[in-house]
Every structure is written in structure tokens, then in C-alpha cells.
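A.B. asks: One structure is given below, represented as C-alpha cells, and several questions about it will come after.
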Amino acid sequence: MSKKVLAIYYTQSGQLGEIIDNFTAPLIESGASVEKVCVQPATPYPFPWKGKSFFSVMPDCVLAVPGELAPFQLKESSYDLIIFGYQAWFLSASIPANTILHHPAFRAIVKGTPVITITGARNMWINAFEKVKKVLQDADAKLVGNISLVDKHPNPVSFVTILKWMFTGKRERYLNIFPLPGVSDEDSKNTKVFGTIVEQYLVKNNWDGLQEELVNEKAVVIKYPLMYIESKAGHIFKIWANIIAKRKNKTAWLVAFKYYLIIALFVAAPIILTVDAIFFKPFLSRKIKARKQYLLGVN
């Protein structure tokens with residue numbers, strides 16, 4: 001199969017790179033030429049992070065302000081398929097991922113080209129995907145598939161484990177009690193199933209029905225509590241980002257946002273979900289179903 005595929009992505013921890021490797025393995029085995037480009041910022045972000053540096057990127061991330069990338073080259077002038085890998089920071093595409101989307105080299109080859117997005121997230125990926133989708137639409141790309149891999153553990157648990165990973169650089173079981181953070185190794189390896197499905201559509205160069213088949217294989221799963229929380233948090237994060245971005249001395253505001261985040265997750269969210277479950281959710285089943293159906297798709 002003489003198909004040219006570009007897999008372009010950014011990763012700090014390396015996990016998204018492993019996901020890309022597993023996902024593209026069936027394409028390579030079928031004979032496709034898969035070019036993998038791991039793009040890096042001109043000034044790398046720290047890993048492990050420090051608390052101050054981690055929260056300092058929030059305003060630019062939420063407001064989708066592109067950064068600068070280290071030079072990179074693409075071997076081809078056009079591709080039969082582009083795989084775009086990204087991660088969510090503060091319910092938005094990470095700054096390096098957003099910068100790729102706006103880079104002239106990427107926009108030159110993405111126009112009119114089938115694109116599959118794939119993310120490895122803690123658990124909230126919807127706002128980030130919606131932003132990525134809009135940029136791709138503005139670039140006249142043809143979004144044909146989406147895969148969203150998440151940490152499947154409870155929200156408070158994954159919050160603790162992911163922070164431990166980010167602030168130590170070590171992916172290990174915290175206190176030997178908590179599970180491993182991030183997308184599970186099993187789910188990462190299982191992306192080969194998705195790659196096998198994509199290979200069949202790539203051969204035909206007909207992408208009709210791809211997303212439906214991926215969804216049937218659980219490439220995207222919508223959990224209502226997370227969908228509901230993220231729908232509220234996305235608006236609030238934007239308010240915080242706009243306020244902080246306008247301040248000369250951002251430190252105090254970033255500290256306030258950090259404590260807001262902790263209180264919102266461990267105190268406010270359970271209360272809001274309980275109120276919603278009693279007074280609203282039972283009467284909105286049709287609207288909720290329609291929203292889920294929309295988020296499972298790529299249109």
C-alpha cells in the first residue's frame with residue numbers, strides 16, 4: 001500500500017508517543033509510509049513541572065495563544081492522511097499542540113487532507129477537542145476520525161495521580177495505593193485495534209463510516225458527569241484566563257486560581273452534580289442524548 005501518512009504530535013512525558021506508535025503500527029505493517037514528527041517548543045516546558053510554572057501557562061493555553069516551535073521539517077508536500085496527536089492542558093489543547101495547528105508548514109499540508117485526531121487526557125477532553133476541531137475546520141482540513149483516550153479512574157483519584165506524575169516526572173503508584181496515572185498501558189496498546197480499522201479505510205480512500213466504527217470499538221466514550229462538569233468549567237476557565245492575562249502581577253491571581261481549582265473539584269463539583277441529578281438531569285434526557293451523539297462524532 002503506497003499511502004503516505006503523517007503523524008505529528010507533541011509529548012512531554014512520552015506517553016502520547018507510545019500511543020502514536022501503537023496506533024500507527026498496523027498502518028506500517030500494511031505497507032503505508034508513516035512519517036512521525038514529534039514537535040518540540042523552541043523553549044521546552046519543564047518536566048517535571050513546578051507549581052508556579054505549571055499554572056503560569058493557563059491563560060495562554062485557555063485563550064489559545066500560540067507559542068514558538070523548534071524548527072522541524074516535513075518530508076512530503078502532501079499526505080493521504082494526517083494523524084494529529086495532542087493533549088489537554090486546562091481544558092484546552094496544550095500550547096505546543098495549538099501552535100502546531102497554526103504553524104504555516106502544518107496549515108500548508110492539512111488543507112483538504114483527511115485528519116484523525118487522537119488525544120491522551122486525564123479525563124476531560126471535550127473542550128480541547130472542540131477547539132482543535134474549529135481550527136482544523138478553519139484550515140479547510142477534512143476531519144474524518146477522533147480517538148479520545150483517558151484515565152478511567154475516578155475524577156479525584158486521577159487528579160491526585162496526574163499531579164504526582166507531573167511534579168515528580170515519575171509514573172508510579174503514589175504511596176503504593178493509588179493506580180498508575182494517565183492512560184492505562186492496556187488502553188495504549190489497544191489503539192492497534194483502531195489503527196487496523198483506519199488502515200481499511202485508508203486503502204479505500206473512503207472515510208465514510210470510520211468514526212461510527214471507531215465509536216463502536218470504544219475509541220470515544222462520553223461520561224455524563226464529566227461532560228456536565230466540563231461544560232461549566234470551560235466557561236469559568238475562560239473568565240479566569242481573561243482576568244489573569246490583563247494583570248501585570250499575575251502571581252497572586254494564579255495562586256487564587258489554583259485554590260479555586262482544588263475547591264471546585266473536591267467540594268463544588270460533587271454538590272453541583274447532586275443538584276443536577278435531582279432537579280435537572282431527569283428532565284433533559286433527550287437533550288443530553290443529542291449532546292452525547294454530537295460529541296461522539298466529528299462534524
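Ordering of the C-alpha cells sets the chain letters (A, B, ...); residue numbers start at 1 within each chain; ligands are numbered from 1 in the order shown.
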Once DSSP has gone over the backbone, tell me which residues of segment 148-245 of chain A are in helix (DSSP H, G or I), as a PyMOL selection string.

C.D. replies: chain A and resi 155-168+174-176+185-189+191-204+210-216+224-245

A.B. asks: Can you list, as a PyMOL selection string, every protein, DNA or RNA residue that comes within 7 Å of Ala25 of chain A when you count only C-alpha atoms, leaving out same-chain residues fewer than 4 positions away?

C.D. replies: chain A and resi 21+29+192

A.B. asks: Mind giving me the straight-line distance from atom CA of Leu273 of chain A to atom CA of His235 of chain A in Å, one decimal?

C.D. replies: 16.8 Å

A.B. asks: Determine, counting only C-alpha atoms, which protein, DNA and RNA residues have an atom within 7 Å of an atom of Val298 of chain A; residues of the same chain fewer than 6 positions away are not included. Present the result as a CSV table (one decimal) with C-alpha atoms, in the first residue's frame.

C.D. replies:
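For reference, result_37.csv as written:
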chain,number,residue,atom,x,y,z
A,143,LEU,CA,-11.7,15.7,9.9
A,144,VAL,CA,-12.6,12.0,9.5
A,145,GLY,CA,-11.9,10.5,12.9
A,146,ASN,CA,-11.3,11.1,16.5

A.B. asks: What separation in Å, quoted to one decimal, exists between atom CA of Leu261 of chain A and atom CA of Trp165 of chain A?

C.D. replies: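 Result for atom CA of Leu261 of chain A versus atom CA of Trp165 of chain A: 17.9 Å, one decimal.
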
A.B. asks: Need the shell around segment 281-294 of chain A: protein/DNA/RNA residues with any atom at most 9 Å away, counting only C-alpha atoms. Skip same-chain ones fewer than 5 positions apart. Format as a VMD selection string?

C.D. replies: chain A and resid 222 to 224 227 276 299

A.B. asks: Run DSSP on the backbone and tell me which residues of segment 58-289 of chain A come out as strand (DSSP E or B); list them as a compact mmCIF listing (two decimals) with N, CA, C and O atoms, in the first residue's frame.

C.D. replies:
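Result went into selection.txt, see below:
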# COMPACT_ATOMS: atom_id res chain seq x y z
N LEU A 69 7.81 27.16 18.09
CA LEU A 69 8.28 25.78 18.00
C LEU A 69 9.73 25.73 17.54
O LEU A 69 10.20 26.61 16.81
N LEU A 81 -3.16 10.95 4.62
CA LEU A 81 -3.79 11.02 5.94
C LEU A 81 -2.85 11.71 6.90
O LEU A 81 -1.63 11.48 6.88
N ILE A 82 -3.41 12.56 7.74
CA ILE A 82 -2.64 13.21 8.81
C ILE A 82 -3.23 12.78 10.14
O ILE A 82 -4.45 12.86 10.35
N ILE A 83 -2.38 12.31 11.03
CA ILE A 83 -2.78 11.97 12.40
C ILE A 83 -2.24 13.06 13.30
O ILE A 83 -1.03 13.28 13.36
N PHE A 84 -3.14 13.75 13.97
CA PHE A 84 -2.72 14.85 14.85
C PHE A 84 -2.92 14.43 16.30
O PHE A 84 -4.04 14.19 16.74
N GLY A 85 -1.81 14.32 17.03
CA GLY A 85 -1.87 13.92 18.43
C GLY A 85 -1.68 15.13 19.33
O GLY A 85 -0.78 15.95 19.11
N TYR A 86 -2.51 15.23 20.35
CA TYR A 86 -2.42 16.38 21.26
C TYR A 86 -2.87 15.96 22.65
O TYR A 86 -3.42 14.88 22.86
N ALA A 88 -4.61 17.69 26.47
CA ALA A 88 -5.36 18.82 27.02
C ALA A 88 -4.63 19.39 28.23
O ALA A 88 -4.26 18.65 29.14
N TRP A 89 -4.44 20.71 28.22
CA TRP A 89 -3.97 21.45 29.39
C TRP A 89 -5.09 22.43 29.74
O TRP A 89 -5.53 23.22 28.89
N SER A 92 -8.01 22.77 27.41
CA SER A 92 -7.71 23.28 26.07
C SER A 92 -6.56 22.46 25.50
O SER A 92 -5.84 21.78 26.23
N ALA A 93 -6.40 22.53 24.19
CA ALA A 93 -5.22 21.89 23.60
C ALA A 93 -3.97 22.53 24.18
O ALA A 93 -3.93 23.75 24.40
N PRO A 114 -7.53 14.37 4.73
CA PRO A 114 -8.18 13.66 5.85
C PRO A 114 -7.31 13.72 7.11
O PRO A 114 -6.09 13.52 7.04
N VAL A 115 -7.94 14.02 8.23
CA VAL A 115 -7.24 14.15 9.51
C VAL A 115 -7.94 13.29 10.56
O VAL A 115 -9.18 13.28 10.65
N ILE A 116 -7.14 12.59 11.35
CA ILE A 116 -7.64 11.87 12.52
C ILE A 116 -6.97 12.48 13.74
O ILE A 116 -5.74 12.60 13.78
N THR A 117 -7.76 12.89 14.71
CA THR A 117 -7.21 13.43 15.95
C THR A 117 -7.17 12.33 17.00
O THR A 117 -8.06 11.49 17.07
N ILE A 118 -6.13 12.36 17.83
CA ILE A 118 -6.01 11.38 18.91
C ILE A 118 -5.42 12.08 20.12
O ILE A 118 -4.42 12.81 20.02
N THR A 119 -6.07 11.92 21.25
CA THR A 119 -5.60 12.57 22.46
C THR A 119 -5.44 11.57 23.59
O THR A 119 -6.18 10.58 23.65
N GLY A 120 -4.48 11.82 24.45
CA GLY A 120 -4.34 11.10 25.70
C GLY A 120 -4.55 12.11 26.81
O GLY A 120 -3.73 13.02 27.00
N ALA A 121 -5.66 12.01 27.53
CA ALA A 121 -6.03 13.03 28.51
C ALA A 121 -6.26 12.41 29.88
O ALA A 121 -6.41 11.19 30.00
N LYS A 142 -10.07 18.02 6.45
CA LYS A 142 -11.20 17.10 6.42
C LYS A 142 -11.10 16.16 7.62
O LYS A 142 -10.42 15.14 7.57
N LEU A 143 -11.75 16.52 8.71
CA LEU A 143 -11.70 15.71 9.93
C LEU A 143 -12.55 14.46 9.73
O LEU A 143 -13.77 14.55 9.56
N VAL A 144 -11.91 13.28 9.77
CA VAL A 144 -12.62 12.04 9.48
C VAL A 144 -12.70 11.10 10.68
O VAL A 144 -13.46 10.12 10.66
N GLY A 145 -11.90 11.37 11.73
CA GLY A 145 -11.92 10.47 12.87
C GLY A 145 -11.38 11.12 14.12
O GLY A 145 -10.56 12.05 14.05
N ASN A 146 -11.84 10.64 15.26
CA ASN A 146 -11.35 11.13 16.54
C ASN A 146 -11.25 9.99 17.53
O ASN A 146 -12.16 9.15 17.62
N ILE A 147 -10.15 9.97 18.27
CA ILE A 147 -9.92 8.96 19.30
C ILE A 147 -9.53 9.69 20.57
O ILE A 147 -8.60 10.50 20.58
N SER A 148 -10.26 9.42 21.64
CA SER A 148 -10.00 10.10 22.91
C SER A 148 -9.72 9.06 23.99
O SER A 148 -10.63 8.35 24.44
N LEU A 149 -8.47 8.95 24.39
CA LEU A 149 -8.05 8.02 25.43
C LEU A 149 -7.92 8.77 26.75
O LEU A 149 -7.36 9.87 26.79
N VAL A 150 -8.43 8.18 27.82
CA VAL A 150 -8.44 8.87 29.11
C VAL A 150 -8.03 7.94 30.24
O VAL A 150 -8.02 6.72 30.10
